[in-house]
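J.: The structure follows.
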Amino acid sequence: MAESVRVLRLEHLEFLVDELIKAKPQEAKVRRYMEAAGLKYDSDPILCMNMVLSTINRIQREEPDSKSQRTPRRARETDRSR
């Protein structure tokens, strides 16, 4: 169960990164995904990006083998487009 929660949280964080790198991130989406990932929303997208990347880094350091157990969403999407 904890693994599925971690994976879900990582997916929310990945969606956040995708949204935050846009020239004009949609505030409602950012707010919703920040809350879903358990992070405090801030109106400054740079602060949000910092929180998101720090959280991703912390999660990956806590479980170093998780990289081999789970295919990142971007890689799955690339495989589908082939």
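Simple scheme: letters A, B, ... for chains in structure tokens order, numbers from 1 for residues in each chain, numbers from 1 for ligands in the order shown.
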Can you pull out the residues contacting range 5-13 of chain A? Cut-off 7 Å, using only C-alpha atoms, and skip same-chain residues under 4 positions away; I want them as a CSV table (one decimal) with N, CA and C atoms, in the first residue's frame.
T.:
chain,number,residue,atom,x,y,z
A,1,MET,N,0.8,-1.2,0.0
A,1,MET,CA,0.0,0.0,0.0
A,1,MET,C,0.9,1.3,0.0
A,17,VAL,N,5.8,19.4,-12.2
A,17,VAL,CA,7.0,19.8,-13.0
A,17,VAL,C,6.6,20.2,-14.4
A,33,TYR,N,-2.6,20.1,-7.7
A,33,TYR,CA,-1.6,19.0,-7.6
A,33,TYR,C,-0.7,19.2,-6.4
A,36,ALA,N,-2.6,17.7,-3.6
A,36,ALA,CA,-2.7,16.3,-3.8
A,36,ALA,C,-1.3,15.6,-3.4
A,37,ALA,N,-0.2,16.4,-3.6
A,37,ALA,CA,1.1,15.8,-3.3
A,37,ALA,C,1.4,16.1,-1.8
A,52,VAL,N,8.8,21.2,-5.2
A,52,VAL,CA,8.5,19.9,-5.9
A,52,VAL,C,9.8,19.1,-6.2
A,56,ILE,N,10.8,15.5,-4.7
A,56,ILE,CA,11.2,14.3,-5.6
A,56,ILE,C,12.6,13.8,-5.2
J.: Please provide as a VMD selection string all residues within 12 Å of range 39-48 of chain A, with the sequence filter that same-chain residues fewer than 3 positions apart are discarded (counting only C-alpha atoms).
T.: chain A and resid 9 12 to 13 16 to 36 51 to 56
J.: Generate a file of the selected residues that holds C-alpha atoms, formatted as a PDB file, in the first residue's frame.
T.:
ATOM      1  CA  ARG A   9       2.617  11.117  -5.092  1.00  0.00           C
ATOM      2  CA  HIS A  12       1.468  14.253  -8.953  1.00  0.00           C
ATOM      3  CA  LEU A  13       4.943  15.733  -8.594  1.00  0.00           C
ATOM      4  CA  LEU A  16       3.546  19.598 -11.307  1.00  0.00           C
ATOM      5  CA  VAL A  17       6.958  19.819 -12.961  1.00  0.00           C
ATOM      6  CA  ASP A  18       5.305  19.609 -16.385  1.00  0.00           C
ATOM      7  CA  GLU A  19       2.909  22.416 -15.486  1.00  0.00           C
ATOM      8  CA  LEU A  20       5.452  24.625 -13.726  1.00  0.00           C
ATOM      9  CA  ILE A  21       7.900  24.641 -16.649  1.00  0.00           C
ATOM     10  CA  LYS A  22       5.258  26.211 -18.888  1.00  0.00           C
ATOM     11  CA  ALA A  23       5.582  29.918 -19.679  1.00  0.00           C
ATOM     12  CA  LYS A  24       2.200  30.490 -17.991  1.00  0.00           C
ATOM     13  CA  PRO A  25       1.394  27.688 -15.540  1.00  0.00           C
ATOM     14  CA  GLN A  26      -2.298  27.323 -14.701  1.00  0.00           C
ATOM     15  CA  GLU A  27      -2.573  28.349 -11.072  1.00  0.00           C
ATOM     16  CA  ALA A  28      -5.618  26.156 -10.400  1.00  0.00           C
ATOM     17  CA  LYS A  29      -3.815  23.041 -11.663  1.00  0.00           C
ATOM     18  CA  VAL A  30      -0.681  23.863  -9.692  1.00  0.00           C
ATOM     19  CA  ARG A  31      -2.700  24.446  -6.531  1.00  0.00           C
ATOM     20  CA  ARG A  32      -4.662  21.187  -6.976  1.00  0.00           C
ATOM     21  CA  TYR A  33      -1.578  19.043  -7.612  1.00  0.00           C
ATOM     22  CA  MET A  34       0.392  20.702  -4.795  1.00  0.00           C
ATOM     23  CA  GLU A  35      -2.403  19.824  -2.386  1.00  0.00           C
ATOM     24  CA  ALA A  36      -2.675  16.280  -3.769  1.00  0.00           C
ATOM     25  CA  MET A  51       9.468  22.464  -3.249  1.00  0.00           C
ATOM     26  CA  VAL A  52       8.491  19.919  -5.903  1.00  0.00           C
ATOM     27  CA  LEU A  53      12.053  19.138  -6.993  1.00  0.00           C
ATOM     28  CA  SER A  54      13.252  18.935  -3.386  1.00  0.00           C
ATOM     29  CA  THR A  55      10.430  16.510  -2.586  1.00  0.00           C
ATOM     30  CA  ILE A  56      11.188  14.338  -5.626  1.00  0.00           C
TER      31      ILE A  56
END
J.: To test your reading of the structure, identify every residue in range 7-49 of chain A that backbone DSSP assigns to helix (DSSP H, G or I), and report it as JSON, numbers by chain.
T.: {"A": [7, 8, 9, 10, 11, 12, 13, 14, 15, 16, 17, 18, 19, 20, 27, 28, 29, 30, 31, 32, 33, 34, 35, 36, 45, 46, 47, 48, 49]}
J.: Okay, now the selection with N, CA and C atoms, as a PDB file, in the first residue's frame?
T.:
ATOM      1  N   VAL A   7       4.051   6.080  -5.369  1.00  0.00           N
ATOM      2  CA  VAL A   7       3.994   6.192  -6.821  1.00  0.00           C
ATOM      3  C   VAL A   7       2.995   7.267  -7.224  1.00  0.00           C
ATOM      4  N   LEU A   8       1.833   7.276  -6.584  1.00  0.00           N
ATOM      5  CA  LEU A   8       0.815   8.284  -6.873  1.00  0.00           C
ATOM      6  C   LEU A   8       1.359   9.681  -6.578  1.00  0.00           C
ATOM      7  N   ARG A   9       2.051   9.825  -5.459  1.00  0.00           N
ATOM      8  CA  ARG A   9       2.617  11.117  -5.092  1.00  0.00           C
ATOM      9  C   ARG A   9       3.679  11.545  -6.110  1.00  0.00           C
ATOM     10  N   LEU A  10       4.511  10.611  -6.543  1.00  0.00           N
ATOM     11  CA  LEU A  10       5.515  10.935  -7.556  1.00  0.00           C
ATOM     12  C   LEU A  10       4.857  11.370  -8.858  1.00  0.00           C
ATOM     13  N   GLU A  11       3.763  10.726  -9.221  1.00  0.00           N
ATOM     14  CA  GLU A  11       3.068  11.125 -10.445  1.00  0.00           C
ATOM     15  C   GLU A  11       2.498  12.533 -10.327  1.00  0.00           C
ATOM     16  N   HIS A  12       1.946  12.879  -9.162  1.00  0.00           N
ATOM     17  CA  HIS A  12       1.468  14.253  -8.953  1.00  0.00           C
ATOM     18  C   HIS A  12       2.632  15.230  -9.086  1.00  0.00           C
ATOM     19  N   LEU A  13       3.769  14.863  -8.531  1.00  0.00           N
ATOM     20  CA  LEU A  13       4.943  15.733  -8.594  1.00  0.00           C
ATOM     21  C   LEU A  13       5.438  15.886 -10.035  1.00  0.00           C
ATOM     22  N   GLU A  14       5.394  14.800 -10.810  1.00  0.00           N
ATOM     23  CA  GLU A  14       5.803  14.876 -12.211  1.00  0.00           C
ATOM     24  C   GLU A  14       4.859  15.788 -13.005  1.00  0.00           C
ATOM     25  N   PHE A  15       3.558  15.685 -12.759  1.00  0.00           N
ATOM     26  CA  PHE A  15       2.601  16.576 -13.417  1.00  0.00           C
ATOM     27  C   PHE A  15       2.872  18.029 -13.029  1.00  0.00           C
ATOM     28  N   LEU A  16       3.218  18.247 -11.771  1.00  0.00           N
ATOM     29  CA  LEU A  16       3.546  19.598 -11.307  1.00  0.00           C
ATOM     30  C   LEU A  16       4.745  20.157 -12.060  1.00  0.00           C
ATOM     31  N   VAL A  17       5.783  19.364 -12.214  1.00  0.00           N
ATOM     32  CA  VAL A  17       6.958  19.819 -12.961  1.00  0.00           C
ATOM     33  C   VAL A  17       6.552  20.191 -14.379  1.00  0.00           C
ATOM     34  N   ASP A  18       5.770  19.326 -15.022  1.00  0.00           N
ATOM     35  CA  ASP A  18       5.305  19.609 -16.385  1.00  0.00           C
ATOM     36  C   ASP A  18       4.547  20.930 -16.457  1.00  0.00           C
ATOM     37  N   GLU A  19       3.705  21.185 -15.479  1.00  0.00           N
ATOM     38  CA  GLU A  19       2.909  22.416 -15.486  1.00  0.00           C
ATOM     39  C   GLU A  19       3.778  23.627 -15.144  1.00  0.00           C
ATOM     40  N   LEU A  20       4.654  23.488 -14.187  1.00  0.00           N
ATOM     41  CA  LEU A  20       5.452  24.625 -13.726  1.00  0.00           C
ATOM     42  C   LEU A  20       6.508  25.082 -14.734  1.00  0.00           C
ATOM     43  N   GLU A  27      -2.621  28.296 -12.530  1.00  0.00           N
ATOM     44  CA  GLU A  27      -2.573  28.349 -11.072  1.00  0.00           C
ATOM     45  C   GLU A  27      -3.489  27.309 -10.426  1.00  0.00           C
ATOM     46  N   ALA A  28      -4.672  27.120 -10.986  1.00  0.00           N
ATOM     47  CA  ALA A  28      -5.618  26.156 -10.400  1.00  0.00           C
ATOM     48  C   ALA A  28      -5.046  24.737 -10.435  1.00  0.00           C
ATOM     49  N   LYS A  29      -4.422  24.368 -11.556  1.00  0.00           N
ATOM     50  CA  LYS A  29      -3.815  23.041 -11.663  1.00  0.00           C
ATOM     51  C   LYS A  29      -2.676  22.888 -10.667  1.00  0.00           C
ATOM     52  N   VAL A  30      -1.827  23.914 -10.602  1.00  0.00           N
ATOM     53  CA  VAL A  30      -0.681  23.863  -9.692  1.00  0.00           C
ATOM     54  C   VAL A  30      -1.174  23.713  -8.256  1.00  0.00           C
ATOM     55  N   ARG A  31      -2.153  24.507  -7.886  1.00  0.00           N
ATOM     56  CA  ARG A  31      -2.700  24.446  -6.531  1.00  0.00           C
ATOM     57  C   ARG A  31      -3.257  23.048  -6.233  1.00  0.00           C
ATOM     58  N   ARG A  32      -4.036  22.500  -7.170  1.00  0.00           N
ATOM     59  CA  ARG A  32      -4.662  21.187  -6.976  1.00  0.00           C
ATOM     60  C   ARG A  32      -3.610  20.084  -6.820  1.00  0.00           C
ATOM     61  N   TYR A  33      -2.604  20.080  -7.688  1.00  0.00           N
ATOM     62  CA  TYR A  33      -1.578  19.043  -7.612  1.00  0.00           C
ATOM     63  C   TYR A  33      -0.657  19.227  -6.410  1.00  0.00           C
ATOM     64  N   MET A  34      -0.411  20.471  -6.008  1.00  0.00           N
ATOM     65  CA  MET A  34       0.392  20.702  -4.795  1.00  0.00           C
ATOM     66  C   MET A  34      -0.335  20.099  -3.593  1.00  0.00           C
ATOM     67  N   GLU A  35      -1.617  20.369  -3.495  1.00  0.00           N
ATOM     68  CA  GLU A  35      -2.403  19.824  -2.386  1.00  0.00           C
ATOM     69  C   GLU A  35      -2.444  18.301  -2.428  1.00  0.00           C
ATOM     70  N   ALA A  36      -2.620  17.737  -3.630  1.00  0.00           N
ATOM     71  CA  ALA A  36      -2.675  16.280  -3.769  1.00  0.00           C
ATOM     72  C   ALA A  36      -1.342  15.633  -3.394  1.00  0.00           C
ATOM     73  N   PRO A  45       5.663  30.562  -8.712  1.00  0.00           N
ATOM     74  CA  PRO A  45       5.943  29.268  -9.344  1.00  0.00           C
ATOM     75  C   PRO A  45       7.367  28.768  -9.104  1.00  0.00           C
ATOM     76  N   ILE A  46       8.313  29.679  -8.894  1.00  0.00           N
ATOM     77  CA  ILE A  46       9.692  29.252  -8.634  1.00  0.00           C
ATOM     78  C   ILE A  46       9.785  28.574  -7.267  1.00  0.00           C
ATOM     79  N   LEU A  47       9.105  29.117  -6.276  1.00  0.00           N
ATOM     80  CA  LEU A  47       9.082  28.474  -4.962  1.00  0.00           C
ATOM     81  C   LEU A  47       8.395  27.111  -5.037  1.00  0.00           C
ATOM     82  N   CYS A  48       7.318  27.043  -5.806  1.00  0.00           N
ATOM     83  CA  CYS A  48       6.621  25.759  -5.977  1.00  0.00           C
ATOM     84  C   CYS A  48       7.548  24.734  -6.633  1.00  0.00           C
ATOM     85  N   MET A  49       8.254  25.153  -7.692  1.00  0.00           N
ATOM     86  CA  MET A  49       9.164  24.247  -8.391  1.00  0.00           C
ATOM     87  C   MET A  49      10.255  23.774  -7.438  1.00  0.00           C
TER      88      MET A  49
END
